[in-house]
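Right, one structure below, let's go through it.
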Amino acid sequence: MSSSRYYAPTGGHPPQTDLLTDRAVFTESYAVLPKGTMRDIVTSFLPFWDDTRLWILARPMTGFAETFSQYIMEVQPGGGSDRPETDPAAEGVLFVVEGGFTLTIGGQTHDLGEGGYAYLPAGMDWTLRNRTGAVARFHWIRKAYEAVEGLDRPDPLVLNEADIAPSVMPGTNGAWATTRFVDPNDLRHDMHVTIVTFQPGGVIPFLETHVMEHGLYVLEGKAAYRLNRDWVEVEAGDFMWLRGFCPQACYAGGPGPFRYLLYKDVNRHAAFLGR
């Protein structure tokens, strides 16, 4: 655990004396990957990335969640890529949880630190280099962009959470709020990545049941989360992966805020299989 307000995994392995018992679960409608599952043995590497490893938290799976992949990237000082994305149809979002890096998009250079967010349109040329003296860790969420005739493609965005005022859910007296990096009314976007914050005692007071798929990475705090038929306890560093229509709710008991990075697919017709 770093000194950042956001949790980032560091790998390693537990000792032989530890008990096997943990909270990992995979069901027909959701999965929970506790922070303790993100060990050295389950890291991977990517073509054209130097001094970089990653944890793959989610990938499209037929019959489960099919729209997105989500990685936690770990880039050593001097590492990065001049050819990071090999799929020209993939759009991406980066969110920095520890350290920082230099991101170049279409020839324009940006320095991103903790809380930094970048939207990378499909087909856009970009590069990433860690020119700092510390390890950089960040989420990379990828999706095949669903273009619509008559709608322009979204522009690249580089923002920071600290500069965005959260939108408070009506009727909650500030207990439930969402930090939005993209205007929800901008229909060029077919996915949203936001940060949801619950103050101690805050709740989702009904079972949300909807078509959108979710990736939820807990950045800070702990809570009891309802997933389909089960209540599960989650804490900073845990990842929840939900297929469409999985009922969900939340109770954030404290003692501090409960915050998570949230992916969902939005703003497109339901596709017909085989067409």
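Ligands are numbered from 1 in the order shown, residues from 1 within each chain, and chains are lettered A, B, ... in the order they appear in the structure tokens.
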- Query: If you count only C-alpha atoms, which residues fall within 6 Å of Ile72 of chain A, apart from same-chain ones fewer than 3 positions away, as a ChimeraX atom specification?
  - Reply: /A:54-55,138-139
- Message: When you look at Leu94 of chain A with a cut-off of 10 Å (counting only C-alpha atoms), what residues show up, excluding the ones that are within fewer than 4 positions of it in the same chain? I need them as JSON, numbers by chain.
- Response: {"A": [70, 71, 72, 73, 112, 115, 116, 117, 118, 119, 120, 138, 139, 140, 141, 142, 158, 193]}
Atoms kept (all heavy atoms) for selection, written as a compact mmCIF listing (two decimals), in the first residue's frame:
# COMPACT_ATOMS: atom_id res chain seq x y z
N GLN A 70 -10.12 -4.74 -18.44
CA GLN A 70 -9.56 -3.81 -17.47
C GLN A 70 -8.27 -4.37 -16.92
O GLN A 70 -8.21 -5.52 -16.49
CB GLN A 70 -10.55 -3.53 -16.33
CG GLN A 70 -10.05 -2.48 -15.34
CD GLN A 70 -11.16 -1.89 -14.49
OE1 GLN A 70 -12.35 -2.08 -14.78
NE2 GLN A 70 -10.81 -1.17 -13.44
N TYR A 71 -7.21 -3.53 -16.95
CA TYR A 71 -5.89 -3.92 -16.46
C TYR A 71 -5.46 -2.96 -15.35
O TYR A 71 -5.86 -1.80 -15.33
CB TYR A 71 -4.83 -3.81 -17.56
CG TYR A 71 -5.13 -4.45 -18.89
CD1 TYR A 71 -4.57 -3.92 -20.06
CD2 TYR A 71 -5.94 -5.57 -19.01
CE1 TYR A 71 -4.81 -4.49 -21.29
CE2 TYR A 71 -6.19 -6.14 -20.25
CZ TYR A 71 -5.63 -5.59 -21.40
OH TYR A 71 -5.87 -6.16 -22.62
N ILE A 72 -4.59 -3.45 -14.46
CA ILE A 72 -3.77 -2.57 -13.64
C ILE A 72 -2.35 -2.69 -14.17
O ILE A 72 -1.74 -3.77 -14.13
CB ILE A 72 -3.80 -2.93 -12.15
CG1 ILE A 72 -5.23 -2.82 -11.60
CG2 ILE A 72 -2.87 -2.02 -11.36
CD1 ILE A 72 -5.35 -3.20 -10.13
N MET A 73 -1.83 -1.59 -14.69
CA MET A 73 -0.50 -1.55 -15.29
C MET A 73 0.51 -1.12 -14.22
O MET A 73 0.22 -0.26 -13.39
CB MET A 73 -0.48 -0.56 -16.44
CG MET A 73 -1.53 -0.82 -17.51
SD MET A 73 -1.20 -2.29 -18.49
CE MET A 73 0.25 -1.76 -19.41
N LEU A 112 0.85 13.14 -16.33
CA LEU A 112 -0.24 12.68 -15.47
C LEU A 112 0.32 12.18 -14.15
O LEU A 112 1.30 11.42 -14.13
CB LEU A 112 -1.05 11.56 -16.12
CG LEU A 112 -2.18 12.00 -17.07
CD1 LEU A 112 -1.62 12.52 -18.37
CD2 LEU A 112 -3.14 10.85 -17.33
N GLY A 115 -4.55 10.44 -9.65
CA GLY A 115 -5.84 11.04 -9.94
C GLY A 115 -6.00 11.47 -11.38
O GLY A 115 -7.07 11.90 -11.79
N GLY A 116 -4.93 11.32 -12.18
CA GLY A 116 -4.99 11.69 -13.58
C GLY A 116 -5.85 10.72 -14.40
O GLY A 116 -5.84 9.51 -14.16
N TYR A 117 -6.59 11.29 -15.34
CA TYR A 117 -7.52 10.54 -16.21
C TYR A 117 -7.23 10.91 -17.64
O TYR A 117 -7.00 12.09 -17.96
CB TYR A 117 -8.96 10.90 -15.83
CG TYR A 117 -10.03 10.50 -16.84
CD1 TYR A 117 -10.83 9.39 -16.63
CD2 TYR A 117 -10.26 11.26 -17.99
CE1 TYR A 117 -11.82 9.04 -17.54
CE2 TYR A 117 -11.24 10.91 -18.90
CZ TYR A 117 -12.02 9.79 -18.67
OH TYR A 117 -13.00 9.45 -19.57
N ALA A 118 -7.24 9.93 -18.52
CA ALA A 118 -7.11 10.21 -19.95
C ALA A 118 -8.10 9.35 -20.72
O ALA A 118 -8.22 8.15 -20.46
CB ALA A 118 -5.70 9.94 -20.44
N TYR A 119 -8.81 9.98 -21.66
CA TYR A 119 -9.64 9.23 -22.61
C TYR A 119 -8.90 9.19 -23.94
O TYR A 119 -8.49 10.25 -24.46
CB TYR A 119 -11.02 9.86 -22.80
CG TYR A 119 -11.78 9.19 -23.93
CD1 TYR A 119 -12.35 7.94 -23.74
CD2 TYR A 119 -11.87 9.78 -25.19
CE1 TYR A 119 -13.00 7.29 -24.77
CE2 TYR A 119 -12.53 9.14 -26.22
CZ TYR A 119 -13.09 7.89 -26.02
OH TYR A 119 -13.72 7.24 -27.04
N LEU A 120 -8.76 8.00 -24.50
CA LEU A 120 -7.99 7.78 -25.72
C LEU A 120 -8.91 7.23 -26.79
O LEU A 120 -9.33 6.07 -26.73
CB LEU A 120 -6.86 6.79 -25.44
CG LEU A 120 -5.94 7.19 -24.27
CD1 LEU A 120 -5.11 6.01 -23.82
CD2 LEU A 120 -5.06 8.36 -24.68
N PHE A 138 -1.42 2.26 -12.85
CA PHE A 138 -2.64 2.89 -13.35
C PHE A 138 -3.56 1.84 -13.96
O PHE A 138 -3.12 0.76 -14.38
CB PHE A 138 -2.29 3.96 -14.40
CG PHE A 138 -1.53 3.47 -15.60
CD1 PHE A 138 -2.18 3.07 -16.77
CD2 PHE A 138 -0.14 3.41 -15.59
CE1 PHE A 138 -1.48 2.62 -17.87
CE2 PHE A 138 0.58 2.98 -16.69
CZ PHE A 138 -0.08 2.57 -17.83
N HIS A 139 -4.84 2.18 -13.97
CA HIS A 139 -5.84 1.34 -14.63
C HIS A 139 -5.91 1.69 -16.10
O HIS A 139 -5.81 2.86 -16.48
CB HIS A 139 -7.22 1.54 -13.98
CG HIS A 139 -7.32 0.93 -12.63
ND1 HIS A 139 -7.99 -0.24 -12.39
CD2 HIS A 139 -6.81 1.32 -11.44
CE1 HIS A 139 -7.90 -0.54 -11.11
NE2 HIS A 139 -7.18 0.39 -10.51
N TRP A 140 -6.09 0.66 -16.91
CA TRP A 140 -6.29 0.84 -18.35
C TRP A 140 -7.54 0.04 -18.71
O TRP A 140 -7.56 -1.18 -18.66
CB TRP A 140 -5.08 0.34 -19.11
CG TRP A 140 -5.14 0.51 -20.62
CD1 TRP A 140 -6.09 1.17 -21.34
CD2 TRP A 140 -4.18 0.00 -21.56
NE1 TRP A 140 -5.79 1.11 -22.68
CE2 TRP A 140 -4.62 0.41 -22.85
CE3 TRP A 140 -3.02 -0.74 -21.44
CZ2 TRP A 140 -3.92 0.06 -24.01
CZ3 TRP A 140 -2.32 -1.07 -22.59
CH2 TRP A 140 -2.76 -0.67 -23.86
N ILE A 141 -8.60 0.76 -19.05
CA ILE A 141 -9.87 0.15 -19.43
C ILE A 141 -10.03 0.30 -20.93
O ILE A 141 -9.87 1.39 -21.48
CB ILE A 141 -11.04 0.82 -18.69
CG1 ILE A 141 -10.87 0.62 -17.17
CG2 ILE A 141 -12.38 0.26 -19.15
CD1 ILE A 141 -11.84 1.42 -16.33
N ARG A 142 -10.32 -0.80 -21.61
CA ARG A 142 -10.39 -0.83 -23.07
C ARG A 142 -11.76 -1.35 -23.51
O ARG A 142 -12.33 -2.23 -22.89
CB ARG A 142 -9.29 -1.72 -23.65
CG ARG A 142 -7.89 -1.30 -23.27
CD ARG A 142 -6.85 -2.36 -23.59
NE ARG A 142 -6.73 -2.60 -25.04
CZ ARG A 142 -7.05 -3.73 -25.63
NH1 ARG A 142 -7.58 -4.74 -24.92
NH2 ARG A 142 -6.89 -3.87 -26.94
N VAL A 158 -7.68 14.80 -21.23
CA VAL A 158 -6.73 14.62 -20.14
C VAL A 158 -7.18 15.50 -18.99
O VAL A 158 -7.24 16.73 -19.13
CB VAL A 158 -5.29 14.96 -20.56
CG1 VAL A 158 -4.34 14.80 -19.37
CG2 VAL A 158 -4.83 14.09 -21.72
N VAL A 193 -16.46 6.06 -17.45
CA VAL A 193 -15.62 5.67 -16.32
C VAL A 193 -15.70 6.81 -15.32
O VAL A 193 -15.34 7.96 -15.64
CB VAL A 193 -14.17 5.40 -16.75
CG1 VAL A 193 -13.31 5.10 -15.53
CG2 VAL A 193 -14.12 4.23 -17.72
- Query: Tell me, which residues of segment 23-188 of chain A carry DSSP helix (DSSP H, G or I), written as a count of residues only?
  - Reply: 9
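Nearest-residue note for Glu146 of chain A: choosing from A:Ala122, A:Val232, A:Ala162, A:Leu128, the minimum distance belongs to A:Ala122, counting only C-alpha atoms.
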- Item | Residue nearest Glu28 of chain A among A:Gly11, A:Gly244, A:Gly79, A:Gly254 (counting only C-alpha atoms) | A:Gly244
- Message: What does the structure give for the distance between atom CA of Gly106 of chain A and atom CA of Pro84 of chain A, in Å to one decimal?
- Response: 13.4 Å
- Message: Neighbouring residues of Asp87 of chain A were defined as those with any atom within 9 Å, considering only C-alpha atoms; residues of the same chain fewer than 3 positions away were excluded. Please report them as a count of residues only.
- Response: 5
- Message: Ranking A:Met169, A:Val234, A:Ala31, A:Ala223 by minimum distance to Pro255 of chain A and counting only C-alpha atoms, which one comes first?
- Response: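 Closest candidate: A:Ala223.
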- Please identify which residues in segment 215-266 of chain A DSSP calls strand (DSSP E) from the backbone, and express them as an MDAnalysis selection string. chainID A and resid 215:220 222:227 230:235 239:242 248:251 258:265
Write out, as a short mmCIF file (atom, residue, chain, number, x, y, z; two decimals), in the first residue's frame, the residues just selected, with N, CA, C and O atoms.
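The result, written out as part01.cif:
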data_model
loop_
_atom_site.label_atom_id
_atom_site.label_comp_id
_atom_site.auth_asym_id
_atom_site.auth_seq_id
_atom_site.Cartn_x
_atom_site.Cartn_y
_atom_site.Cartn_z
N GLY A 215 -17.27 -2.80 -14.12
CA GLY A 215 -16.05 -3.11 -13.39
C GLY A 215 -15.95 -2.11 -12.26
O GLY A 215 -16.05 -0.90 -12.50
N LEU A 216 -15.80 -2.56 -11.01
CA LEU A 216 -15.72 -1.67 -9.85
C LEU A 216 -14.43 -1.98 -9.10
O LEU A 216 -14.28 -3.07 -8.53
N TYR A 217 -13.50 -1.05 -9.10
CA TYR A 217 -12.26 -1.21 -8.36
C TYR A 217 -12.29 -0.28 -7.16
O TYR A 217 -12.46 0.94 -7.31
N VAL A 218 -12.14 -0.84 -5.96
CA VAL A 218 -12.24 -0.04 -4.74
C VAL A 218 -10.94 0.73 -4.54
O VAL A 218 -9.88 0.15 -4.32
N LEU A 219 -11.04 2.05 -4.61
CA LEU A 219 -9.89 2.93 -4.45
C LEU A 219 -9.58 3.22 -2.99
O LEU A 219 -8.42 3.44 -2.63
N GLU A 220 -10.63 3.24 -2.16
CA GLU A 220 -10.46 3.70 -0.78
C GLU A 220 -11.61 3.17 0.07
O GLU A 220 -12.75 3.09 -0.38
N LYS A 222 -13.99 0.80 2.80
CA LYS A 222 -14.59 -0.53 2.81
C LYS A 222 -16.11 -0.40 2.89
O LYS A 222 -16.64 0.65 3.27
N ALA A 223 -16.81 -1.48 2.53
CA ALA A 223 -18.27 -1.46 2.54
C ALA A 223 -18.80 -2.89 2.46
O ALA A 223 -18.06 -3.84 2.18
N ALA A 224 -20.09 -3.01 2.69
CA ALA A 224 -20.81 -4.24 2.38
C ALA A 224 -21.53 -4.02 1.06
O ALA A 224 -22.26 -3.03 0.90
N TYR A 225 -21.30 -4.91 0.09
CA TYR A 225 -21.86 -4.74 -1.24
C TYR A 225 -22.77 -5.93 -1.55
O TYR A 225 -22.40 -7.09 -1.35
N ARG A 226 -23.97 -5.63 -2.03
CA ARG A 226 -24.91 -6.68 -2.42
C ARG A 226 -24.68 -7.01 -3.89
O ARG A 226 -24.75 -6.13 -4.75
N LEU A 227 -24.43 -8.27 -4.18
CA LEU A 227 -24.22 -8.74 -5.53
C LEU A 227 -25.13 -9.94 -5.75
O LEU A 227 -24.95 -10.99 -5.13
N ASP A 230 -26.14 -12.22 -2.76
CA ASP A 230 -25.16 -12.27 -1.68
C ASP A 230 -24.73 -10.89 -1.22
O ASP A 230 -24.59 -9.96 -2.03
N TRP A 231 -24.49 -10.74 0.07
CA TRP A 231 -23.77 -9.60 0.61
C TRP A 231 -22.30 -10.00 0.76
O TRP A 231 -22.00 -11.04 1.35
N VAL A 232 -21.40 -9.18 0.22
CA VAL A 232 -19.97 -9.44 0.34
C VAL A 232 -19.30 -8.20 0.95
O VAL A 232 -19.76 -7.08 0.75
N GLU A 233 -18.26 -8.42 1.73
CA GLU A 233 -17.47 -7.31 2.26
C GLU A 233 -16.32 -7.02 1.31
O GLU A 233 -15.62 -7.95 0.88
N VAL A 234 -16.14 -5.76 0.98
CA VAL A 234 -15.07 -5.36 0.08
C VAL A 234 -14.29 -4.21 0.69
O VAL A 234 -14.82 -3.46 1.52
N GLU A 235 -13.04 -4.08 0.28
CA GLU A 235 -12.17 -3.04 0.82
C GLU A 235 -11.26 -2.54 -0.29
O GLU A 235 -11.25 -3.08 -1.41
N PHE A 239 -11.62 -5.85 -6.51
CA PHE A 239 -12.26 -5.60 -7.81
C PHE A 239 -13.53 -6.43 -7.90
O PHE A 239 -13.52 -7.63 -7.61
N MET A 240 -14.63 -5.79 -8.29
CA MET A 240 -15.89 -6.47 -8.54
C MET A 240 -16.21 -6.39 -10.03
O MET A 240 -16.08 -5.32 -10.64
N TRP A 241 -16.64 -7.50 -10.58
CA TRP A 241 -16.88 -7.62 -12.03
C TRP A 241 -18.30 -8.15 -12.19
O TRP A 241 -18.63 -9.25 -11.76
N LEU A 242 -19.18 -7.34 -12.79
CA LEU A 242 -20.61 -7.65 -12.85
C LEU A 242 -21.08 -7.76 -14.29
O LEU A 242 -20.81 -6.87 -15.11
N GLN A 248 -27.62 -5.20 -7.59
CA GLN A 248 -26.52 -4.68 -6.77
C GLN A 248 -27.02 -3.57 -5.87
O GLN A 248 -27.95 -2.84 -6.20
N ALA A 249 -26.39 -3.46 -4.72
CA ALA A 249 -26.65 -2.38 -3.77
C ALA A 249 -25.42 -2.24 -2.89
O ALA A 249 -24.47 -3.02 -3.00
N CYS A 250 -25.44 -1.25 -2.00
CA CYS A 250 -24.25 -0.95 -1.21
C CYS A 250 -24.63 -0.35 0.13
O CYS A 250 -25.59 0.42 0.22
N TYR A 251 -23.86 -0.69 1.15
CA TYR A 251 -23.93 -0.01 2.44
C TYR A 251 -22.51 0.32 2.88
O TYR A 251 -21.69 -0.59 3.09
N PHE A 258 -16.03 5.56 1.23
CA PHE A 258 -15.89 4.37 0.39
C PHE A 258 -15.94 4.86 -1.05
O PHE A 258 -16.91 5.50 -1.47
N ARG A 259 -14.88 4.58 -1.82
CA ARG A 259 -14.78 5.14 -3.17
C ARG A 259 -14.34 4.06 -4.15
O ARG A 259 -13.46 3.25 -3.84
N TYR A 260 -14.96 4.07 -5.34
CA TYR A 260 -14.53 3.09 -6.35
C TYR A 260 -14.56 3.68 -7.74
O TYR A 260 -15.32 4.60 -8.05
N LEU A 261 -13.66 3.14 -8.58
CA LEU A 261 -13.60 3.46 -9.99
C LEU A 261 -14.59 2.55 -10.71
O LEU A 261 -14.53 1.33 -10.56
N LEU A 262 -15.50 3.15 -11.48
CA LEU A 262 -16.62 2.41 -12.07
C LEU A 262 -16.61 2.51 -13.59
O LEU A 262 -16.55 3.61 -14.15
N TYR A 263 -16.69 1.36 -14.26
CA TYR A 263 -16.91 1.30 -15.71
C TYR A 263 -18.34 0.86 -15.99
O TYR A 263 -18.87 -0.03 -15.31
N LYS A 264 -18.96 1.46 -17.01
CA LYS A 264 -20.22 0.93 -17.54
C LYS A 264 -20.35 1.31 -19.01
O LYS A 264 -19.84 2.33 -19.47
N ASP A 265 -21.02 0.46 -19.76
CA ASP A 265 -21.30 0.69 -21.18
C ASP A 265 -22.63 1.43 -21.31
O ASP A 265 -23.59 1.10 -20.62
#
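Closest to Ser69 of chain A among A:Arg153, A:Lys35, A:Arg83, A:His214 is A:His214, based on only C-alpha atoms.
For the residues A:Pro15, A:Val211, A:Leu157, A:Gly150, ranking by smallest atom-to-atom distance to Gln108 of chain A using only C-alpha atoms places A:Leu157 first.
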- Query: What is the atom CA of Thr209 of chain A to atom CA of Phe245 of chain A distance in Å?
  - Reply: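 A separation of 4.9 Å between them.
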- Message: So that I can check the surroundings of Arg23 of chain A, please list as a list in words every protein, DNA and RNA residue that reaches within 8 Å of it, counting only C-alpha atoms and ignoring chain neighbours fewer than 4 positions away.
- Response: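 Here the answer would be Val32, Leu33 and Pro34 of chain A.
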Give me a file of those residues, with N, CA, C and O atoms, as a PDB file, in the first residue's frame.
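Everything below was put into again.pdb:
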ATOM      1  N   VAL A  32     -15.662 -11.493  -7.570  1.00  0.00           N
ATOM      2  CA  VAL A  32     -14.924 -10.619  -6.662  1.00  0.00           C
ATOM      3  C   VAL A  32     -13.478 -11.091  -6.647  1.00  0.00           C
ATOM      4  O   VAL A  32     -13.200 -12.258  -6.339  1.00  0.00           O
ATOM      5  N   LEU A  33     -12.556 -10.200  -7.008  1.00  0.00           N
ATOM      6  CA  LEU A  33     -11.133 -10.469  -6.942  1.00  0.00           C
ATOM      7  C   LEU A  33     -10.565  -9.621  -5.799  1.00  0.00           C
ATOM      8  O   LEU A  33     -10.333  -8.422  -5.971  1.00  0.00           O
ATOM      9  N   PRO A  34     -10.382 -10.190  -4.616  1.00  0.00           N
ATOM     10  CA  PRO A  34      -9.828  -9.410  -3.511  1.00  0.00           C
ATOM     11  C   PRO A  34      -8.397  -8.971  -3.819  1.00  0.00           C
ATOM     12  O   PRO A  34      -7.705  -9.576  -4.651  1.00  0.00           O
TER      13      PRO A  34
END
